[in-house]
file start37.pdb (PDB, C-alpha atoms, pLDDT in the B column)
ATOM      1  CA  ASN A  24     103.201 -15.105  53.682  1.00 64.00           C
ATOM      2  CA  ILE A  25     104.282 -15.430  57.270  1.00 68.00           C
ATOM      3  CA  PHE A  26     102.925 -12.012  58.317  1.00 66.00           C
ATOM      4  CA  THR A  27      99.427 -13.132  57.329  1.00 68.00           C
ATOM      5  CA  GLN A  28      99.788 -16.302  59.359  1.00 70.00           C
ATOM      6  CA  GLN A  29     101.317 -14.508  62.345  1.00 71.00           C
ATOM      7  CA  PRO A  30     100.106 -10.855  62.564  1.00 68.00           C
ATOM      8  CA  SER A  31     102.170 -10.259  65.721  1.00 76.00           C
ATOM      9  CA  TYR A  32     105.218 -10.197  63.430  1.00 80.00           C
ATOM     10  CA  PHE A  33     104.207  -6.655  62.485  1.00 81.00           C
ATOM     11  CA  SER A  34     104.945  -5.548  66.048  1.00 85.00           C
ATOM     12  CA  ASP A  35     108.264  -7.418  65.843  1.00 86.00           C
ATOM     13  CA  LEU A  36     109.050  -5.515  62.648  1.00 87.00           C
ATOM     14  CA  ASP A  37     108.065  -2.263  64.344  1.00 88.00           C
ATOM     15  CA  GLU A  38     110.474  -3.011  67.201  1.00 90.00           C
ATOM     16  CA  THR A  39     113.252  -4.022  64.784  1.00 90.00           C
ATOM     17  CA  LEU A  40     113.186  -0.950  62.552  1.00 93.00           C
ATOM     18  CA  PRO A  41     115.187   1.286  64.920  1.00 93.00           C
ATOM     19  CA  THR A  42     117.970  -1.296  64.629  1.00 93.00           C
ATOM     20  CA  VAL A  43     117.795  -1.109  60.838  1.00 92.00           C
ATOM     21  CA  LEU A  44     118.018   2.675  61.031  1.00 93.00           C
ATOM     22  CA  GLN A  45     120.967   2.346  63.387  1.00 95.00           C
ATOM     23  CA  VAL A  46     122.855   0.491  60.646  1.00 95.00           C
ATOM     24  CA  PHE A  47     122.750   3.627  58.499  1.00 95.00           C
ATOM     25  CA  ASN A  48     123.753   5.785  61.485  1.00 94.00           C
ATOM     26  CA  ASN A  49     126.700   3.482  62.180  1.00 94.00           C
ATOM     27  CA  ILE A  50     127.915   3.830  58.593  1.00 95.00           C
ATOM     28  CA  LEU A  51     127.653   7.622  58.817  1.00 95.00           C
ATOM     29  CA  HIS A  52     129.560   7.590  62.094  1.00 92.00           C
ATOM     30  CA  LYS A  53     132.335   5.379  60.686  1.00 93.00           C
ATOM     31  CA  CYS A  54     132.625   7.791  57.753  1.00 93.00           C
ATOM     32  CA  GLY A  55     132.822  10.846  60.022  1.00 90.00           C
ATOM     33  CA  LEU A  56     129.456  12.098  58.748  1.00 87.00           C
ATOM     34  CA  GLN A  57     126.438  13.052  60.782  1.00 73.00           C
ATOM     35  CA  CYS A  58     122.765  12.817  59.871  1.00 52.00           C
ATOM     36  CA  GLU A  59     120.272  15.357  61.222  1.00 49.00           C
ATOM     37  CA  GLY A  60     118.278  13.766  64.005  1.00 48.00           C
ATOM     38  CA  ALA A  61     120.057  10.499  63.358  1.00 45.00           C
ATOM     39  CA  SER A  62     121.096   9.868  66.899  1.00 49.00           C
ATOM     40  CA  ALA A  63     119.509  10.685  70.196  1.00 48.00           C
ATOM     41  CA  GLU A  64     122.872  10.158  71.851  1.00 55.00           C
ATOM     42  CA  PRO A  65     125.143  13.167  72.402  1.00 57.00           C
ATOM     43  CA  GLN A  66     128.634  12.935  70.969  1.00 55.00           C
ATOM     44  CA  LYS A  67     131.412  12.807  73.534  1.00 59.00           C
ATOM     45  CA  LEU A  68     133.771  15.777  73.381  1.00 55.00           C
ATOM     46  CA  GLU A  69     136.875  13.593  73.130  1.00 56.00           C
ATOM     47  CA  GLU A  70     135.200  11.588  70.379  1.00 57.00           C
ATOM     48  CA  LYS A  71     136.046  14.073  67.643  1.00 57.00           C
ATOM     49  CA  VAL A  72     136.065  12.083  64.425  1.00 52.00           C
ATOM     50  CA  ASN A  73     138.694  12.929  61.802  1.00 75.00           C
ATOM     51  CA  VAL A  74     138.187   9.854  59.655  1.00 84.00           C
ATOM     52  CA  THR A  75     136.509  10.329  56.293  1.00 91.00           C
ATOM     53  CA  PRO A  76     135.927   7.831  53.497  1.00 93.00           C
ATOM     54  CA  GLY A  77     138.775   9.531  51.643  1.00 93.00           C
ATOM     55  CA  ASN A  78     141.396   9.006  54.343  1.00 93.00           C
ATOM     56  CA  MET A  79     140.322   5.782  56.029  1.00 94.00           C
ATOM     57  CA  PRO A  80     142.294   2.577  55.473  1.00 95.00           C
ATOM     58  CA  LEU A  81     141.315   0.667  52.341  1.00 96.00           C
ATOM     59  CA  GLN A  82     140.130  -2.372  54.319  1.00 96.00           C
ATOM     60  CA  GLU A  83     137.796  -0.184  56.371  1.00 96.00           C
ATOM     61  CA  LEU A  84     136.372   1.390  53.213  1.00 97.00           C
ATOM     62  CA  LYS A  85     135.861  -2.066  51.718  1.00 97.00           C
ATOM     63  CA  ASP A  86     134.108  -3.253  54.882  1.00 97.00           C
ATOM     64  CA  ILE A  87     131.760  -0.250  54.873  1.00 97.00           C
ATOM     65  CA  VAL A  88     130.891  -0.682  51.200  1.00 98.00           C
ATOM     66  CA  LEU A  89     130.243  -4.424  51.653  1.00 98.00           C
ATOM     67  CA  TYR A  90     128.114  -3.746  54.752  1.00 97.00           C
ATOM     68  CA  LEU A  91     126.133  -1.097  52.893  1.00 97.00           C
ATOM     69  CA  CYS A  92     125.659  -3.334  49.859  1.00 98.00           C
ATOM     70  CA  ASP A  93     124.432  -6.223  51.993  1.00 97.00           C
ATOM     71  CA  THR A  94     122.090  -3.977  53.987  1.00 96.00           C
ATOM     72  CA  CYS A  95     120.572  -2.284  50.926  1.00 97.00           C
ATOM     73  CA  THR A  96     120.097  -5.538  49.047  1.00 97.00           C
ATOM     74  CA  THR A  97     118.420  -7.184  52.040  1.00 95.00           C
ATOM     75  CA  LEU A  98     116.197  -4.154  52.640  1.00 96.00           C
ATOM     76  CA  TRP A  99     115.128  -4.013  49.001  1.00 97.00           C
ATOM     77  CA  ALA A 100     114.491  -7.786  48.829  1.00 95.00           C
ATOM     78  CA  PHE A 101     112.311  -7.648  51.945  1.00 93.00           C
ATOM     79  CA  LEU A 102     110.212  -4.741  50.671  1.00 95.00           C
ATOM     80  CA  ASP A 103     110.008  -6.279  47.208  1.00 95.00           C
ATOM     81  CA  VAL A 104     108.509  -9.540  48.489  1.00 92.00           C
ATOM     82  CA  PHE A 105     106.469  -7.933  51.255  1.00 91.00           C
ATOM     83  CA  PRO A 106     105.376  -4.387  50.330  1.00 92.00           C
ATOM     84  CA  LEU A 107     102.778  -4.326  53.130  1.00 90.00           C
ATOM     85  CA  ALA A 108     105.698  -3.723  55.493  1.00 92.00           C
ATOM     86  CA  CYS A 109     106.004  -0.218  54.026  1.00 93.00           C
ATOM     87  CA  GLN A 110     103.399   1.187  56.420  1.00 92.00           C
ATOM     88  CA  THR A 111     105.519   0.071  59.364  1.00 92.00           C
ATOM     89  CA  PHE A 112     108.647   1.544  57.778  1.00 93.00           C
ATOM     90  CA  GLN A 113     106.824   4.846  57.263  1.00 93.00           C
ATOM     91  CA  LYS A 114     105.925   5.053  60.973  1.00 93.00           C
ATOM     92  CA  HIS A 115     109.669   5.386  61.585  1.00 93.00           C
ATOM     93  CA  GLU A 116     110.137   8.144  58.952  1.00 93.00           C
ATOM     94  CA  PHE A 117     112.160   5.686  56.907  1.00 95.00           C
ATOM     95  CA  CYS A 118     111.873   7.591  53.609  1.00 94.00           C
ATOM     96  CA  TYR A 119     113.254  10.748  55.182  1.00 94.00           C
ATOM     97  CA  ARG A 120     116.036   8.860  56.948  1.00 95.00           C
ATOM     98  CA  LEU A 121     116.990   6.874  53.834  1.00 96.00           C
ATOM     99  CA  ALA A 122     117.042  10.010  51.666  1.00 95.00           C
ATOM    100  CA  SER A 123     119.174  11.861  54.240  1.00 95.00           C
ATOM    101  CA  PHE A 124     121.583   8.950  54.467  1.00 96.00           C
ATOM    102  CA  TYR A 125     121.813   8.703  50.682  1.00 97.00           C
ATOM    103  CA  GLU A 126     122.514  12.421  50.323  1.00 96.00           C
ATOM    104  CA  LEU A 127     125.246  12.393  52.976  1.00 95.00           C
ATOM    105  CA  ALA A 128     126.968   9.065  52.417  1.00 96.00           C
ATOM    106  CA  ILE A 129     126.775   8.081  48.758  1.00 97.00           C
ATOM    107  CA  PRO A 130     128.590  11.094  47.234  1.00 97.00           C
ATOM    108  CA  GLU A 131     131.321  10.820  49.895  1.00 96.00           C
ATOM    109  CA  LEU A 132     131.800   7.095  49.348  1.00 97.00           C
ATOM    110  CA  GLU A 133     131.770   7.408  45.550  1.00 97.00           C
ATOM    111  CA  SER A 134     134.290  10.225  45.675  1.00 97.00           C
ATOM    112  CA  ALA A 135     136.568   8.268  48.016  1.00 97.00           C
ATOM    113  CA  ILE A 136     136.416   5.208  45.754  1.00 97.00           C
ATOM    114  CA  LYS A 137     137.204   7.257  42.627  1.00 96.00           C
ATOM    115  CA  LYS A 138     140.077   9.275  44.124  1.00 95.00           C
ATOM    116  CA  ARG A 139     141.883   6.445  45.890  1.00 95.00           C
ATOM    117  CA  HIS A 140     144.968   4.906  44.282  1.00 91.00           C
ATOM    118  CA  TYR A 141     144.757   1.126  43.990  1.00 92.00           C
ATOM    119  CA  GLU A 142     147.541  -1.382  43.538  1.00 92.00           C
ATOM    120  CA  ASP A 143     145.019  -3.703  41.939  1.00 92.00           C
ATOM    121  CA  ASN A 144     142.372  -2.231  39.615  1.00 93.00           C
ATOM    122  CA  SER A 145     140.042  -5.147  40.345  1.00 96.00           C
ATOM    123  CA  VAL A 146     139.597  -3.747  43.881  1.00 96.00           C
ATOM    124  CA  PHE A 147     138.418  -0.433  42.395  1.00 96.00           C
ATOM    125  CA  ALA A 148     136.080  -2.264  39.988  1.00 97.00           C
ATOM    126  CA  ASP A 149     134.596  -4.345  42.805  1.00 97.00           C
ATOM    127  CA  LEU A 150     134.076  -1.354  45.126  1.00 98.00           C
ATOM    128  CA  TRP A 151     132.531   0.696  42.321  1.00 98.00           C
ATOM    129  CA  ARG A 152     130.202  -2.159  41.354  1.00 98.00           C
ATOM    130  CA  ARG A 153     129.092  -2.603  44.959  1.00 98.00           C
ATOM    131  CA  ILE A 154     128.513   1.085  45.697  1.00 98.00           C
ATOM    132  CA  SER A 155     126.544   1.367  42.426  1.00 98.00           C
ATOM    133  CA  HIS A 156     124.498  -1.679  43.376  1.00 98.00           C
ATOM    134  CA  SER A 157     123.860  -0.186  46.837  1.00 98.00           C
ATOM    135  CA  ARG A 158     122.743   3.093  45.286  1.00 97.00           C
ATOM    136  CA  LYS A 159     120.396   1.274  42.906  1.00 98.00           C
ATOM    137  CA  ARG A 160     118.869  -0.858  45.683  1.00 98.00           C
ATOM    138  CA  MET A 161     118.347   2.197  47.904  1.00 97.00           C
ATOM    139  CA  MET A 162     116.482   3.953  45.109  1.00 97.00           C
ATOM    140  CA  GLU A 163     114.404   0.849  44.393  1.00 98.00           C
ATOM    141  CA  ALA A 164     113.538   0.449  48.088  1.00 97.00           C
ATOM    142  CA  PHE A 165     112.601   4.143  48.225  1.00 97.00           C
ATOM    143  CA  HIS A 166     110.419   3.689  45.135  1.00 97.00           C
ATOM    144  CA  ILE A 167     108.602   0.731  46.726  1.00 97.00           C
ATOM    145  CA  LEU A 168     108.021   2.765  49.904  1.00 96.00           C
ATOM    146  CA  ILE A 169     106.687   5.806  48.029  1.00 96.00           C
ATOM    147  CA  ASN A 170     104.531   3.645  45.786  1.00 95.00           C
ATOM    148  CA  GLN A 171     102.974   1.756  48.704  1.00 94.00           C
ATOM    149  CA  VAL A 172     102.621   4.637  51.162  1.00 92.00           C
ATOM    150  CA  CYS A 173     101.728   7.521  48.837  1.00 90.00           C
ATOM    151  CA  LEU A 174     100.628   6.368  45.393  1.00 81.00           C
ATOM    152  CA  GLN A 175      98.650   3.162  46.042  1.00 82.00           C
ATOM    153  CA  PRO A 176      96.258   4.827  48.541  1.00 79.00           C
ATOM    154  CA  ILE A 177      95.430   7.468  45.916  1.00 84.00           C
ATOM    155  CA  LEU A 178      94.787   4.847  43.237  1.00 80.00           C
ATOM    156  CA  GLU A 179      92.513   2.779  45.506  1.00 73.00           C
TER     157      GLU A 179
END
call {"tool": "encode", "arguments": {"input": "start37.pdb", "output": "structure tokens"}}
result
Amino acid sequence: NIFTQQPSYFSDLDETLPTVLQVFNNILHKCGLQCEGASAEPQKLEEKVNVTPGNMPLQELKDIVLYLCDTCTTLWAFLDVFPLACQTFQKHEFCYRLASFYELAIPELESAIKKRHYEDNSVFADLWRRISHSRKRMMEAFHILINQVCLQPILE
């Protein structure tokens, strides 16, 4: 793979991971949720967020779910084809951050999708399919990380 041919890409990955983590922080922020230690930036006093997944406009909810689905699928695909990247992910406490994000965001998003009234049931079906897919890909990515970082070293 390309990382074998160009080892300096590992440092590029290391520099890119904070941006990947910021994606999850941005989703939490848009949903009015906060993750412990998620942001080093203080929140402005006038920036009080009253938006939740349950009361945001439908288009905004759809955008968040699509963004999350795309992010989780890409993350999983990368780790699936290149599990050696897991060590770099672990240096950024990725397992902890992913688990915290999952715990905060997924129940809120699922609840908002279930409780919302839709004019077209196909919108509900699509959102539910995508949030379920996101959840599955997050768990699979987490499994790859745990397997590579914790289990494989014990087996070797």
call {"tool": "axis_aligned_box", "arguments": {"input": "start37.pdb", "around": "region 106-113 of chain A", "padding_each_side": "6 Å", "output": "lines of an AutoDock Vina configuration file"}}
result
center_x = 105.7
center_y = 0.2
center_z = 54.8
size_x = 17.9
size_y = 21.2
size_z = 21.0
call {"tool": "closest_atom_pairs", "arguments": {"input": "start37.pdb", "of": "region 46-127 of chain A", "to": "region 143-152 of chain A", "cutoff": "9 Å", "atoms": "all atoms listed in the file", "output": "Markdown table"}}
result
| residue | atom | partner | partner_atom | distance |
| --- | --- | --- | --- | --- |
| A:Leu84 | CA | A:Leu150 | CA | 8.8 |
| A:Lys85 | CA | A:Leu150 | CA | 6.9 |
| A:Val88 | CA | A:Leu150 | CA | 6.9 |
| A:Leu89 | CA | A:Leu150 | CA | 8.2 |
call {"tool": "resolve_selection", "arguments": {"input": "start37.pdb", "expression": "the PyMOL selection byres ((chain A and resi 81) around 10)", "output": "short mmCIF file (atom, residue, chain, number, x, y, z; two decimals) with C-alpha atoms, in the frame of the given file"}}
result
data_model
loop_
_atom_site.label_atom_id
_atom_site.label_comp_id
_atom_site.auth_asym_id
_atom_site.auth_seq_id
_atom_site.Cartn_x
_atom_site.Cartn_y
_atom_site.Cartn_z
CA PRO A 76 135.93 7.83 53.50
CA GLY A 77 138.78 9.53 51.64
CA ASN A 78 141.40 9.01 54.34
CA MET A 79 140.32 5.78 56.03
CA PRO A 80 142.29 2.58 55.47
CA GLN A 82 140.13 -2.37 54.32
CA GLU A 83 137.80 -0.18 56.37
CA LEU A 84 136.37 1.39 53.21
CA LYS A 85 135.86 -2.07 51.72
CA ASP A 86 134.11 -3.25 54.88
CA ILE A 87 131.76 -0.25 54.87
CA ALA A 135 136.57 8.27 48.02
CA ILE A 136 136.42 5.21 45.75
CA ARG A 139 141.88 6.44 45.89
CA HIS A 140 144.97 4.91 44.28
CA TYR A 141 144.76 1.13 43.99
CA VAL A 146 139.60 -3.75 43.88
#
call {"tool": "resolve_selection", "arguments": {"input": "start37.pdb", "expression": "the PyMOL selection byres ((chain A and resi 160-171) around 9)", "output": "PDB file with C-alpha atoms, in the frame of the given file"}}
result
ATOM      1  CA  CYS A  92     125.659  -3.334  49.859  1.00 98.00           C
ATOM      2  CA  CYS A  95     120.572  -2.284  50.926  1.00 97.00           C
ATOM      3  CA  THR A  96     120.097  -5.538  49.047  1.00 97.00           C
ATOM      4  CA  THR A  97     118.420  -7.184  52.040  1.00 95.00           C
ATOM      5  CA  LEU A  98     116.197  -4.154  52.640  1.00 96.00           C
ATOM      6  CA  TRP A  99     115.128  -4.013  49.001  1.00 97.00           C
ATOM      7  CA  ALA A 100     114.491  -7.786  48.829  1.00 95.00           C
ATOM      8  CA  LEU A 102     110.212  -4.741  50.671  1.00 95.00           C
ATOM      9  CA  ASP A 103     110.008  -6.279  47.208  1.00 95.00           C
ATOM     10  CA  PRO A 106     105.376  -4.387  50.330  1.00 92.00           C
ATOM     11  CA  LEU A 107     102.778  -4.326  53.130  1.00 90.00           C
ATOM     12  CA  ALA A 108     105.698  -3.723  55.493  1.00 92.00           C
ATOM     13  CA  CYS A 109     106.004  -0.218  54.026  1.00 93.00           C
ATOM     14  CA  GLN A 110     103.399   1.187  56.420  1.00 92.00           C
ATOM     15  CA  PHE A 112     108.647   1.544  57.778  1.00 93.00           C
ATOM     16  CA  GLN A 113     106.824   4.846  57.263  1.00 93.00           C
ATOM     17  CA  PHE A 117     112.160   5.686  56.907  1.00 95.00           C
ATOM     18  CA  CYS A 118     111.873   7.591  53.609  1.00 94.00           C
ATOM     19  CA  LEU A 121     116.990   6.874  53.834  1.00 96.00           C
ATOM     20  CA  ALA A 122     117.042  10.010  51.666  1.00 95.00           C
ATOM     21  CA  TYR A 125     121.813   8.703  50.682  1.00 97.00           C
ATOM     22  CA  SER A 155     126.544   1.367  42.426  1.00 98.00           C
ATOM     23  CA  HIS A 156     124.498  -1.679  43.376  1.00 98.00           C
ATOM     24  CA  SER A 157     123.860  -0.186  46.837  1.00 98.00           C
ATOM     25  CA  ARG A 158     122.743   3.093  45.286  1.00 97.00           C
ATOM     26  CA  LYS A 159     120.396   1.274  42.906  1.00 98.00           C
ATOM     27  CA  VAL A 172     102.621   4.637  51.162  1.00 92.00           C
ATOM     28  CA  CYS A 173     101.728   7.521  48.837  1.00 90.00           C
ATOM     29  CA  LEU A 174     100.628   6.368  45.393  1.00 81.00           C
ATOM     30  CA  GLN A 175      98.650   3.162  46.042  1.00 82.00           C
ATOM     31  CA  PRO A 176      96.258   4.827  48.541  1.00 79.00           C
TER      32      PRO A 176
END
call {"tool": "atom_distance", "arguments": {"input": "start37.pdb", "atom1": "CA of Val104 (chain A)", "atom2": "CA of Leu40 (chain A)"}}
result
17.1 Å
call {"tool": "atom_distance", "arguments": {"input": "start37.pdb", "atom1": "CA of Phe47 (chain A)", "atom2": "CA of Ile129 (chain A)"}}
result
11.4 Å
call {"tool": "closest_residue", "arguments": {"input": "start37.pdb", "among": "A:His115, A:Glu131, A:Arg153, A:Ile177", "to": "Gln45 (chain A)", "atoms": "only C-alpha atoms"}}
result
A:His115
